[in-house]
Amino acid sequence: MDTAVRKPFQGIKNIIRFNWHFYLFAASALLLLLIARYFSASAFNAGFTILILLLIAGVLLSLLASLYIYDLSQLYLLKWLDVLEVKPQSNLVNIHAGFDETSKLLSVRYYNCNLKVLDFYNPKDHTEVSIKRARKVYPPYPGTQQITTSAIPLRQHSVDVVFVLLAAHEIRNRQERIMFLKNLRETLKPEGKIVILEHLRDPQNFIFYNMGCFHFFSKAEWLLNFRQAGLKLNSEVKVTPFLSAFILEPDGTLS
């Protein structure tokens, strides 16, 4: 793996760079709390102090977790994909939601395979300003094809592995998400696999990301979506305590 594909601390720098509005809001809230504490009666000082400490802790915990996940862990070394058996000349598809940090890495790891990259980003539905900023900085992977979640231009039973890494949660509507997964299932060869990598709405993500955790879906929700899309869980890999990779395959019991 060519680790030079990613620069040192690229992850945490991007998070701050593309979400600077959040940190500006947090800094403004902190300043207001400090001013309020300074001018408030002493009886309220303890309350303001607690709010200040909670705000600082919330921001620092999210940054520390992100630093660990995106810069210090082995996420982008892709060793967690060792559970997949990918033969030379396999047809691989990487699908993302507007910000692509993985296609180059996958092309290096699977240099002897055929990689197609699809982007389902829709500015009307995916309104996160961070993605818009990221797209201005990072050009798309060469040959990336724009698609919609309901129209995936792949032949039936033609793909060996589909990767959807940190992107599927951007499909907020449950029925749209299930239909998207069904469409992916139709593209798979009989022994094909789908790899879904996601944060989960679980205790550890809540502790470190607080309200941001509610942008993720629970494991129970994902398992329900997979089942309704005609997919079954082959294995689950904990890439970090904060990230789960679901290795899926067609459920042969369903038509």
# chains A, B, ... in the order shown; residues from 1 in each chain; ligands from 1
$ residues_around --residues "A:Gln146" --least-positions-apart "3" --cutoff "9 Å" --atoms "only C-alpha atoms" --output "ChimeraX atom specification"
/A:117-121
$ closest_atom_pairs --of "stretch 59-164 of chain A" --to "stretch 188-204 of chain A" --cutoff "9 Å" --atoms "only C-alpha atoms" --output "CSV"
residue,atom,partner,partner_atom,distance
A:Leu84,CA,A:Lys193,CA,8.5
A:Arg155,CA,A:Leu188,CA,8.9
A:Gln156,CA,A:Leu188,CA,6.7
A:His157,CA,A:Lys189,CA,4.1
A:Ser158,CA,A:Lys189,CA,5.6
A:Val159,CA,A:Leu188,CA,4.8
A:Asp160,CA,A:Gly192,CA,4.5
A:Val161,CA,A:Lys193,CA,4.8
A:Val162,CA,A:Ile194,CA,4.7
A:Phe163,CA,A:Val195,CA,4.8
A:Val164,CA,A:Ile196,CA,5.0
$ closest_residue --among "A:Ser218, A:Thr148, A:Ser28, A:Asn183" --to "A:Pro250" --atoms "only C-alpha atoms"
A:Asn183
$ atom_distance --atom1 "atom CA of A:Ala57" --atom2 "atom CA of A:Ile15"
17.3 Å
$ atom_distance --atom1 "atom CA of A:Gly230" --atom2 "atom CA of A:Leu115"
24.4 Å
$ closest_residue --among "A:Leu54, A:Ala97, A:Ile152, A:Leu223" --to "A:Ile171" --atoms "only C-alpha atoms"
A:Ala97
$ closest_residue --among "A:Tyr68, A:Trp20, A:Phe48, A:Phe242" --to "A:Ala134" --atoms "only C-alpha atoms"
A:Trp20
$ residues_around --residues "A:Asn173" --least-positions-apart "5" --cutoff "12 Å" --atoms "only C-alpha atoms" --output "ChimeraX atom specification"
/A:125-126,149,168,178-180,217,221,225
$ write_last_selection --atoms "C-alpha atoms" --output "mmCIF file, in the first residue's frame"
data_model
loop_
_atom_site.group_PDB
_atom_site.id
_atom_site.type_symbol
_atom_site.label_atom_id
_atom_site.label_comp_id
_atom_site.auth_asym_id
_atom_site.auth_seq_id
_atom_site.Cartn_x
_atom_site.Cartn_y
_atom_site.Cartn_z
ATOM 1 C CA ASP A 125 -30.868 16.462 -1.595
ATOM 2 C CA HIS A 126 -27.390 16.456 -0.056
ATOM 3 C CA THR A 149 -29.465 6.265 -6.065
ATOM 4 C CA ALA A 168 -24.655 5.248 2.465
ATOM 5 C CA ILE A 178 -33.397 0.064 0.701
ATOM 6 C CA MET A 179 -34.031 0.508 -3.021
ATOM 7 C CA PHE A 180 -30.431 1.647 -3.487
ATOM 8 C CA PHE A 217 -27.997 5.011 11.815
ATOM 9 C CA GLU A 221 -31.546 -0.074 11.264
ATOM 10 C CA ASN A 225 -32.286 -2.339 5.550
#
$ closest_residue --among "A:Met211, A:Glu101, A:Leu233, A:Arg109" --to "A:Leu78" --atoms "only C-alpha atoms"
A:Arg109
$ select_by_dssp --residues "stretch 15-113 of chain A" --states "alpha helix (DSSP H)" --output "number ranges by chain"
A: 15-18, 20-39, 45-67, 103-109
$ write_last_selection --atoms "C-alpha atoms" --output "PDB file, in the first residue's frame"
ATOM      1  CA  ILE A  15     -12.581  18.042   9.166  1.00  0.00           C
ATOM      2  CA  ILE A  16     -11.655  21.478  10.496  1.00  0.00           C
ATOM      3  CA  ARG A  17     -11.295  22.941   7.009  1.00  0.00           C
ATOM      4  CA  PHE A  18     -14.656  21.765   5.738  1.00  0.00           C
ATOM      5  CA  TRP A  20     -15.075  25.549  10.112  1.00  0.00           C
ATOM      6  CA  HIS A  21     -18.572  27.022  10.563  1.00  0.00           C
ATOM      7  CA  PHE A  22     -19.222  24.535  13.385  1.00  0.00           C
ATOM      8  CA  TYR A  23     -16.031  25.491  15.199  1.00  0.00           C
ATOM      9  CA  LEU A  24     -16.763  29.192  14.689  1.00  0.00           C
ATOM     10  CA  PHE A  25     -20.192  28.628  16.246  1.00  0.00           C
ATOM     11  CA  ALA A  26     -18.629  26.715  19.166  1.00  0.00           C
ATOM     12  CA  ALA A  27     -16.055  29.482  19.724  1.00  0.00           C
ATOM     13  CA  SER A  28     -18.804  32.131  19.653  1.00  0.00           C
ATOM     14  CA  ALA A  29     -20.893  30.151  22.148  1.00  0.00           C
ATOM     15  CA  LEU A  30     -17.852  29.775  24.382  1.00  0.00           C
ATOM     16  CA  LEU A  31     -17.177  33.518  24.268  1.00  0.00           C
ATOM     17  CA  LEU A  32     -20.790  34.313  25.146  1.00  0.00           C
ATOM     18  CA  LEU A  33     -20.708  31.879  28.079  1.00  0.00           C
ATOM     19  CA  LEU A  34     -17.472  33.417  29.365  1.00  0.00           C
ATOM     20  CA  ILE A  35     -18.962  36.912  29.131  1.00  0.00           C
ATOM     21  CA  ALA A  36     -22.166  35.773  30.827  1.00  0.00           C
ATOM     22  CA  ARG A  37     -20.194  34.144  33.616  1.00  0.00           C
ATOM     23  CA  TYR A  38     -18.092  37.259  34.110  1.00  0.00           C
ATOM     24  CA  PHE A  39     -21.125  39.545  34.479  1.00  0.00           C
ATOM     25  CA  ASN A  45     -20.930  30.917  38.259  1.00  0.00           C
ATOM     26  CA  ALA A  46     -20.959  27.177  38.880  1.00  0.00           C
ATOM     27  CA  GLY A  47     -23.673  26.630  36.268  1.00  0.00           C
ATOM     28  CA  PHE A  48     -21.858  28.660  33.638  1.00  0.00           C
ATOM     29  CA  THR A  49     -18.597  26.875  34.457  1.00  0.00           C
ATOM     30  CA  ILE A  50     -20.240  23.496  33.887  1.00  0.00           C
ATOM     31  CA  LEU A  51     -21.645  24.646  30.532  1.00  0.00           C
ATOM     32  CA  ILE A  52     -18.247  25.981  29.484  1.00  0.00           C
ATOM     33  CA  LEU A  53     -16.504  22.741  30.422  1.00  0.00           C
ATOM     34  CA  LEU A  54     -19.147  20.648  28.642  1.00  0.00           C
ATOM     35  CA  LEU A  55     -18.785  22.712  25.471  1.00  0.00           C
ATOM     36  CA  ILE A  56     -14.990  22.454  25.489  1.00  0.00           C
ATOM     37  CA  ALA A  57     -15.105  18.728  26.247  1.00  0.00           C
ATOM     38  CA  GLY A  58     -17.608  18.087  23.450  1.00  0.00           C
ATOM     39  CA  VAL A  59     -15.456  19.776  20.835  1.00  0.00           C
ATOM     40  CA  LEU A  60     -12.206  18.210  22.039  1.00  0.00           C
ATOM     41  CA  LEU A  61     -13.668  14.699  22.244  1.00  0.00           C
ATOM     42  CA  SER A  62     -14.998  14.860  18.684  1.00  0.00           C
ATOM     43  CA  LEU A  63     -11.648  16.131  17.408  1.00  0.00           C
ATOM     44  CA  LEU A  64      -9.707  13.453  19.289  1.00  0.00           C
ATOM     45  CA  ALA A  65     -11.968  10.702  17.977  1.00  0.00           C
ATOM     46  CA  SER A  66     -11.659  12.021  14.425  1.00  0.00           C
ATOM     47  CA  LEU A  67      -7.875  12.318  14.741  1.00  0.00           C
ATOM     48  CA  SER A 103     -10.910   5.337  -4.873  1.00  0.00           C
ATOM     49  CA  LYS A 104      -7.185   6.068  -5.201  1.00  0.00           C
ATOM     50  CA  LEU A 105      -6.466   3.780  -2.247  1.00  0.00           C
ATOM     51  CA  LEU A 106      -8.589   0.990  -3.712  1.00  0.00           C
ATOM     52  CA  SER A 107      -6.906   1.370  -7.104  1.00  0.00           C
ATOM     53  CA  VAL A 108      -3.511   0.903  -5.433  1.00  0.00           C
ATOM     54  CA  ARG A 109      -4.586  -2.078  -3.334  1.00  0.00           C
TER      55      ARG A 109
END
$ closest_residue --among "A:Ile69, A:Ala43, A:Leu77, A:Ala151" --to "A:Arg6" --atoms "only C-alpha atoms"
A:Leu77
$ atom_distance --atom1 "atom CA of A:Tyr141" --atom2 "atom CA of A:Thr102"
9.4 Å
$ closest_residue --among "A:Ser150, A:Gln145, A:Thr240, A:Asn94" --to "A:Gln74" --atoms "only C-alpha atoms"
A:Thr240
$ select_by_dssp --residues "stretch 91-165 of chain A" --states "strand (DSSP E or B)" --output "number ranges by chain"
A: 91-96, 114-119, 145-146, 148, 151, 159-165
